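Participant: Provided herewith: protein-v4.txt, compact mmCIF, C-alpha atoms.
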```
# COMPACT_ATOMS: atom_id res chain seq x y z
CA MET A 873 -176.54 89.69 -44.58
CA ALA A 874 -176.68 85.95 -44.31
CA GLN A 875 -178.52 84.42 -41.41
CA HIS A 876 -176.58 81.45 -40.05
CA GLY A 877 -179.21 78.98 -39.01
CA GLY A 878 -179.61 75.24 -38.63
CA GLY A 879 -176.98 72.57 -38.25
CA ARG A 880 -175.03 74.42 -35.57
CA GLY A 881 -175.97 72.47 -32.45
CA TRP A 882 -172.79 73.61 -30.70
CA TYR A 883 -174.57 76.87 -30.03
CA GLY A 884 -177.11 75.16 -27.82
CA LYS A 885 -174.29 74.55 -25.35
CA VAL A 886 -173.11 78.14 -25.69
CA VAL A 887 -176.60 79.47 -25.05
CA GLY A 888 -176.97 77.26 -21.99
CA ALA A 889 -173.69 78.46 -20.55
CA ALA A 890 -174.51 82.04 -21.39
CA LEU A 891 -177.86 81.86 -19.65
CA GLY A 892 -176.11 80.73 -16.50
CA VAL A 893 -173.71 83.65 -16.71
CA THR A 894 -176.38 86.23 -17.38
CA VAL A 895 -178.78 85.02 -14.70
CA LEU A 896 -176.05 85.33 -12.09
CA ALA A 897 -175.10 88.78 -13.31
CA ALA A 898 -178.60 90.13 -13.82
CA GLY A 899 -178.86 92.00 -10.56
CA ALA A 900 -175.84 94.26 -11.04
CA SER A 901 -175.00 94.01 -14.73
CA ALA A 902 -173.77 97.18 -16.39
CA TRP A 903 -175.95 96.65 -19.42
CA SER A 904 -178.98 98.01 -17.60
CA ALA A 905 -177.18 101.25 -16.88
CA GLN A 906 -175.83 101.52 -20.41
CA ALA A 907 -179.25 100.80 -21.91
CA GLY A 908 -180.61 103.87 -20.16
CA ALA A 909 -177.74 106.04 -21.34
CA VAL A 910 -178.05 104.98 -24.98
CA ASP A 911 -181.80 104.89 -25.47
CA GLY A 912 -182.22 108.41 -24.14
CA SER A 913 -183.63 107.69 -20.70
CA SER A 914 -181.94 108.89 -17.54
CA PRO A 915 -178.43 107.41 -17.32
CA ARG A 916 -177.46 105.63 -14.14
CA ALA A 917 -174.09 104.95 -12.58
CA GLU A 918 -172.02 102.46 -14.59
CA SER A 919 -171.27 99.16 -12.90
CA SER A 920 -167.83 97.63 -12.81
CA ALA A 921 -169.23 94.68 -14.80
CA THR A 922 -168.06 96.28 -18.04
CA PRO A 923 -164.66 97.78 -18.90
CA GLY A 924 -164.09 101.51 -18.76
CA SER A 925 -165.06 104.12 -21.27
CA ALA A 926 -163.85 104.09 -24.86
CA LYS A 927 -164.02 106.71 -27.57
CA PRO A 928 -167.27 106.43 -29.56
CA VAL A 929 -167.01 105.37 -33.20
CA SER A 930 -169.32 105.43 -36.22
CA VAL A 931 -172.63 103.58 -35.92
CA THR A 932 -172.62 102.58 -39.60
CA ILE A 933 -171.77 98.97 -40.43
CA ALA A 934 -168.18 98.71 -41.62
CA HIS A 935 -167.30 96.75 -44.73
CA ALA A 936 -164.34 98.61 -46.25
CA SER A 937 -160.67 97.83 -45.64
CA ASP A 938 -158.19 100.27 -44.19
CA LYS A 939 -155.85 99.17 -46.99
CA GLY A 940 -158.03 100.83 -49.62
CA ALA A 941 -159.40 99.53 -52.89
CA ARG A 942 -156.99 96.58 -53.10
CA GLY A 943 -157.30 95.64 -49.46
CA VAL A 944 -159.08 92.63 -48.00
CA ASN A 945 -160.12 91.90 -44.43
CA ILE A 946 -159.95 88.37 -43.07
CA THR A 947 -162.52 87.94 -40.29
CA ILE A 948 -162.90 84.77 -38.25
CA ASP A 949 -165.97 84.14 -36.10
CA ASP A 950 -167.26 82.11 -33.15
CA GLY A 951 -164.09 81.13 -31.30
CA PRO A 952 -161.71 80.91 -29.77
CA ASP A 953 -161.58 77.13 -30.03
CA PRO A 954 -158.71 75.06 -28.58
CA VAL A 955 -158.46 72.85 -31.68
CA TRP A 956 -159.04 75.20 -34.59
CA THR A 957 -157.92 78.65 -33.47
CA PRO A 958 -154.26 77.61 -33.04
CA GLN A 959 -154.26 76.05 -36.51
CA MET A 960 -155.67 79.21 -38.05
CA LEU A 961 -153.13 81.31 -36.18
CA ASP A 962 -150.40 79.10 -37.66
CA VAL A 963 -151.70 79.63 -41.21
CA LEU A 964 -152.05 83.37 -40.73
CA ARG A 965 -148.51 83.55 -39.34
CA GLU A 966 -147.17 81.48 -42.24
CA TYR A 967 -148.46 84.02 -44.76
CA GLY A 968 -147.89 87.13 -42.66
CA VAL A 969 -151.59 87.98 -42.49
CA LYS A 970 -153.42 89.80 -39.69
CA ALA A 971 -157.10 89.04 -39.10
CA THR A 972 -160.03 90.15 -36.99
CA PHE A 973 -161.33 87.50 -34.57
CA CYS A 974 -165.01 87.91 -33.67
CA MET A 975 -165.26 86.05 -30.38
CA VAL A 976 -168.23 84.64 -28.51
CA GLY A 977 -168.04 85.82 -24.91
CA THR A 978 -168.35 82.41 -23.27
CA GLN A 979 -165.67 80.99 -25.57
CA ALA A 980 -163.28 83.82 -24.70
CA GLN A 981 -163.99 83.32 -21.01
CA ALA A 982 -163.29 79.58 -21.33
CA HIS A 983 -160.04 80.02 -23.29
CA PRO A 984 -158.27 83.19 -22.15
CA ASP A 985 -154.89 81.80 -23.21
CA LEU A 986 -156.10 81.72 -26.82
CA VAL A 987 -157.45 85.26 -26.62
CA LYS A 988 -154.05 86.41 -25.41
CA GLN A 989 -152.35 84.50 -28.25
CA VAL A 990 -154.57 86.24 -30.80
CA VAL A 991 -153.70 89.65 -29.37
CA ALA A 992 -149.99 88.86 -29.07
CA ALA A 993 -149.90 87.90 -32.76
CA GLY A 994 -151.18 91.35 -33.75
CA HIS A 995 -154.74 90.42 -34.66
CA ARG A 996 -157.77 92.46 -33.62
CA LEU A 997 -160.67 91.48 -31.39
CA CYS A 998 -164.37 91.76 -32.16
CA ASP A 999 -167.36 91.26 -29.85
CA HIS A 1000 -169.67 88.56 -31.24
CA SER A 1001 -172.13 88.55 -28.30
CA VAL A 1002 -172.43 86.18 -25.35
CA ALA A 1003 -174.66 83.49 -26.79
CA HIS A 1004 -174.53 83.87 -30.59
CA ASP A 1005 -178.28 84.41 -30.76
CA THR A 1006 -179.13 85.05 -34.42
CA ALA A 1007 -182.56 86.32 -33.38
CA MET A 1008 -181.13 89.14 -31.28
CA ASP A 1009 -182.82 91.70 -33.48
CA THR A 1010 -186.21 90.43 -32.27
CA LYS A 1011 -185.33 90.68 -28.58
CA PRO A 1012 -185.76 93.55 -26.09
CA GLN A 1013 -183.12 96.25 -25.88
CA ALA A 1014 -182.12 95.10 -22.39
CA TYR A 1015 -181.30 91.65 -23.78
CA GLN A 1016 -179.31 93.14 -26.65
CA SER A 1017 -177.38 95.27 -24.17
CA GLN A 1018 -176.57 92.31 -21.98
CA GLN A 1019 -175.39 90.25 -24.94
CA ILE A 1020 -173.12 92.99 -26.26
CA LEU A 1021 -171.71 94.46 -23.07
CA ASP A 1022 -171.26 91.23 -21.13
CA ALA A 1023 -169.36 89.80 -24.10
CA GLN A 1024 -167.23 92.94 -24.27
CA ARG A 1025 -166.35 92.48 -20.60
CA MET A 1026 -165.61 88.75 -21.01
CA ILE A 1027 -163.34 89.30 -24.01
CA THR A 1028 -161.54 92.25 -22.42
CA GLU A 1029 -160.89 90.33 -19.22
CA ALA A 1030 -159.73 87.23 -21.12
CA SER A 1031 -157.33 89.31 -23.23
CA GLY A 1032 -155.73 90.90 -20.21
CA GLY A 1033 -157.27 94.31 -20.86
CA VAL A 1034 -157.42 94.66 -24.64
CA ARG A 1035 -160.90 95.75 -25.71
CA PRO A 1036 -162.73 94.54 -28.82
CA MET A 1037 -162.57 97.13 -31.58
CA TYR A 1038 -165.68 95.90 -33.42
CA TYR A 1039 -169.09 94.37 -32.78
CA ARG A 1040 -170.50 91.81 -35.21
CA ALA A 1041 -174.10 90.79 -34.63
CA PRO A 1042 -174.65 87.01 -34.85
CA GLY A 1043 -176.07 86.25 -38.28
CA GLY A 1044 -176.03 89.97 -39.05
CA ALA A 1045 -178.90 90.56 -36.60
CA PHE A 1046 -178.13 94.24 -36.04
CA THR A 1047 -180.65 96.79 -34.86
CA PRO A 1048 -180.31 100.58 -34.78
CA TYR A 1049 -180.14 100.26 -31.00
CA SER A 1050 -177.42 97.58 -30.96
CA ARG A 1051 -175.31 99.52 -33.45
CA LYS A 1052 -175.62 102.70 -31.42
CA LEU A 1053 -174.80 100.90 -28.17
CA ALA A 1054 -171.74 99.15 -29.60
CA ALA A 1055 -170.47 102.35 -31.22
CA SER A 1056 -170.90 104.24 -27.95
CA ARG A 1057 -168.52 101.71 -26.37
CA GLY A 1058 -165.89 102.09 -29.07
CA MET A 1059 -166.88 99.06 -31.14
CA ARG A 1060 -167.58 99.70 -34.82
CA PRO A 1061 -170.44 97.55 -36.13
CA LEU A 1062 -168.85 95.05 -38.51
CA GLY A 1063 -170.47 93.41 -41.51
CA TRP A 1064 -169.12 91.18 -44.26
CA ASN A 1065 -169.16 91.04 -48.04
CA VAL A 1066 -168.16 87.44 -48.74
CA ASP A 1067 -169.86 84.72 -46.71
CA THR A 1068 -167.77 81.64 -47.43
CA LYS A 1069 -170.47 79.34 -45.96
CA ASP A 1070 -167.62 77.38 -44.40
CA PHE A 1071 -169.85 76.58 -41.40
CA GLU A 1072 -171.80 74.27 -43.73
CA ARG A 1073 -168.60 72.31 -44.46
CA PRO A 1074 -169.06 72.28 -48.24
CA GLY A 1075 -165.43 71.26 -48.82
CA ALA A 1076 -162.28 73.35 -49.11
CA ASP A 1077 -162.67 73.61 -52.91
CA ALA A 1078 -166.13 75.13 -52.52
CA ILE A 1079 -164.94 77.60 -49.87
CA VAL A 1080 -162.09 78.76 -52.10
CA ALA A 1081 -164.41 79.02 -55.10
CA THR A 1082 -166.85 81.14 -53.11
CA VAL A 1083 -164.11 83.60 -52.21
CA GLN A 1084 -162.91 83.83 -55.80
CA ARG A 1085 -166.44 84.27 -57.14
CA GLU A 1086 -167.76 86.74 -54.57
CA LEU A 1087 -164.70 88.89 -53.89
CA PRO A 1088 -166.02 91.59 -56.25
CA ASN A 1089 -168.84 92.09 -53.70
CA GLY A 1090 -166.40 93.70 -51.29
CA PRO A 1091 -163.30 93.19 -49.17
CA THR A 1092 -164.50 91.65 -45.89
CA LEU A 1093 -164.37 87.83 -45.88
CA LEU A 1094 -166.16 85.71 -43.28
CA PHE A 1095 -164.67 82.47 -41.93
CA HIS A 1096 -165.20 80.48 -38.71
CA ASP A 1097 -162.84 78.89 -36.18
CA ALA A 1098 -165.43 77.20 -33.94
CA GLY A 1099 -168.87 75.59 -33.99
CA GLY A 1100 -167.71 72.29 -35.43
CA ASP A 1101 -164.98 70.69 -37.51
CA ARG A 1102 -163.10 73.55 -39.19
CA SER A 1103 -160.46 71.52 -41.01
CA GLN A 1104 -161.95 72.62 -44.33
CA THR A 1105 -161.62 76.25 -43.33
CA VAL A 1106 -157.98 75.77 -42.34
CA GLU A 1107 -157.24 74.16 -45.71
CA ALA A 1108 -159.18 76.83 -47.60
CA LEU A 1109 -157.30 79.63 -45.84
CA ARG A 1110 -154.02 77.94 -46.71
CA ARG A 1111 -155.01 78.25 -50.37
CA VAL A 1112 -156.93 81.55 -50.34
CA LEU A 1113 -154.28 83.68 -48.65
CA PRO A 1114 -151.50 83.12 -51.22
CA TRP A 1115 -154.05 83.38 -54.06
CA LEU A 1116 -155.15 86.81 -52.82
CA LYS A 1117 -151.53 87.92 -52.72
CA THR A 1118 -150.97 86.81 -56.32
CA GLN A 1119 -154.02 88.86 -57.31
CA GLY A 1120 -152.39 91.98 -55.89
CA TYR A 1121 -154.41 92.29 -52.70
CA SER A 1122 -153.01 93.38 -49.36
CA PHE A 1123 -154.41 92.39 -45.99
CA GLY A 1124 -155.85 94.97 -43.67
CA PHE A 1125 -158.45 95.54 -41.00
CA PRO A 1126 -162.00 96.82 -41.32
CA VAL A 1127 -162.22 100.60 -41.23
CA ARG A 1128 -162.91 102.14 -37.85
```
Take the structure in the file and write it out as structure tokens.
Facilitator:
Amino acid sequence: MAQHGGGRGWYGKVVGAALGVTVLAAGASAWSAQAGAVDGSSPRAESSATPGSAKPVSVTIAHASDKGARGVNITIDDGPDPVWTPQMLDVLREYGVKATFCMVGTQAQAHPDLVKQVVAAGHRLCDHSVAHDTAMDTKPQAYQSQQILDAQRMITEASGGVRPMYYRAPGGAFTPYSRKLAASRGMRPLGWNVDTKDFERPGADAIVATVQRELPNGPTLLFHDAGGDRSQTVEALRRVLPWLKTQGYSFGFPVR
């Protein structure tokens, strides 16, 4: 999977905010209890810092669409953002498309109204960690747990009680441990097949061309609604969605 690296200074602010959240929560955070339960050590009582239990799902990374061979999954990462998320919701509504929004915990916490709008429109939620740390796979299990479970709590609280159905590691930085932990909390690890590279702002034409060229790789398409100016992504979606329909594709969600 692609590693999203430089040129995304917005994440420095996210990391700073996230560090403040996690330092305050460190003493009683539920991730420490969950880490023990998942890694095989003695489980401890679960804190109220994370939402209640959910049915475990597969630990394998999902790519397929629940619409079958001619299905595609639109996935949108890094928000919600007060400028770009509403515009993307408008485009999705215009074409009758449901998407999966992979939200950064601090963004969800800052914009609960947008999280609720996403849910009300019939889209699905995905946990994209607290701080969007693309080096998560090099960090201790306790840190991975905090990033995943604190974000799950933030998103669930912001939504009014709707839990994320998936977990997407920032930059694809999954580990066997993080996949197992997320799956144990009812969040299917979520990959992608088509990285549109829209975060690099290559132009709407280039984003559309990437989708058309790489769609044979698989059905899950990666876009972004935060981390910078996403006007090119909005324009590209406005062109990609009707094109996919003319090609005989239907829009679904990643398999669970």
Participant: Report the closest atom pair, with its distance in Å rounded to one decimal, for each residue of stretch 926-1003 of chain A that has an atom no farther than 12 Å from stretch 1069-1088 of chain A; count all atoms listed in the file, sort by chain and then rising residue number, and write it as CSV.
Facilitator:
```
residue,atom,partner,partner_atom,distance
A:Ala941,CA,A:Pro1088,CA,10.9
A:Arg942,CA,A:Pro1088,CA,10.8
A:Gly943,CA,A:Leu1087,CA,11.0
A:Val944,CA,A:Leu1087,CA,9.0
A:Asn945,CA,A:Leu1087,CA,10.9
A:Ile946,CA,A:Val1083,CA,11.1
A:Ile948,CA,A:Asp1070,CA,10.7
A:Asp949,CA,A:Phe1071,CA,10.0
A:Asp950,CA,A:Phe1071,CA,10.3
```
Participant: Show me, as a ChimeraX atom specification, the residues that have an atom within 12 Å of A:Gln989 when counting all atoms listed in the file, minus same-chain residues fewer than 3 positions from it.
Facilitator: /A:952-954,957-962,965,973,980,983-986,992-997,1030-1032,1034
Participant: Would you mind reading off the distance between atom CA of A:Val931 and atom CA of A:Arg1060, one decimal, in Å?
Facilitator: 6.5 Å
Participant: When you count only C-alpha atoms, which of these residues is closest to A:Lys927: A:Val963, A:Met1037, A:Leu1094, A:Leu1021?
Facilitator: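 Between A:Val963, A:Met1037, A:Leu1094, A:Leu1021, the residue approaching A:Lys927 most closely is A:Met1037.
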Participant: May I ask which of the residues A:Met1026, A:Ala1003, A:Ala1041, A:Ala934 is the closest one to A:Cys974, counting only C-alpha atoms?
Facilitator: A:Ala1041
Participant: Kindly compute an axis-aligned box around the listed atoms of stretch 927-933 of chain A, allowing 8 Å on each side, and express its centre and edge lengths in Å to one decimal as JSON.
Facilitator:
```
{"center_x": -168.3, "center_y": 102.8, "center_z": -34.0, "size_x": 24.6, "size_y": 23.7, "size_z": 28.9}
```
Participant: Could you check how far atom CA of A:Gln1018 sits from atom CA of A:Pro928, in Å to one decimal?
Facilitator: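 Answer for the atom CA of A:Gln1018 to atom CA of A:Pro928 separation: 18.5 Å.
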Participant: Excluding A:Asn1089 and any residue of its chain fewer than 5 positions from it, enumerate the residues within 10 Å of it, using all atoms listed in the file, and give them as a ChimeraX atom specification.
Facilitator: /A:1064-1066,1083
Participant: Report as an mmCIF file with C-alpha atoms, in the coordinates of the input all protein, DNA and RNA residues lying within 8 Å of A:Ala936, evaluated on all atoms listed in the file, omitting residues in the same chain fewer than 5 positions from it.
Facilitator:
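Just written: part.cif:
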```cif
data_model
loop_
_atom_site.group_PDB
_atom_site.id
_atom_site.type_symbol
_atom_site.label_atom_id
_atom_site.label_comp_id
_atom_site.auth_asym_id
_atom_site.auth_seq_id
_atom_site.Cartn_x
_atom_site.Cartn_y
_atom_site.Cartn_z
ATOM 1 C CA GLY A 1090 -166.400 93.700 -51.290
ATOM 2 C CA PRO A 1091 -163.300 93.190 -49.170
ATOM 3 C CA THR A 1092 -164.500 91.650 -45.890
ATOM 4 C CA PRO A 1126 -162.000 96.820 -41.320
ATOM 5 C CA VAL A 1127 -162.220 100.600 -41.230
#
```
Participant: Go through A:Gly940, A:Pro1036, A:Gly977, A:Gly951 one by one, measure the shortest atom-to-atom distance of each to A:Ala1023 using only C-alpha atoms, and give the residue with the smallest value.
Facilitator: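 Looking only at the distances to A:Ala1023, the closest residue turns out to be A:Gly977.
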Participant: What separation in Å, quoted to one decimal, exists between atom CA of A:Arg1051 and atom CA of A:Asp1067?
Facilitator: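 Between atom CA of A:Arg1051 and atom CA of A:Asp1067 the gap is 20.6 Å.
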Participant: Which residue, A:Val929, A:Val969, A:His1000, A:Tyr1049, has the smallest gap to A:Lys1117 when you use all atoms listed in the file?
Facilitator: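 Counting all atoms listed in the file, the residue closest to A:Lys1117 is A:Val969.
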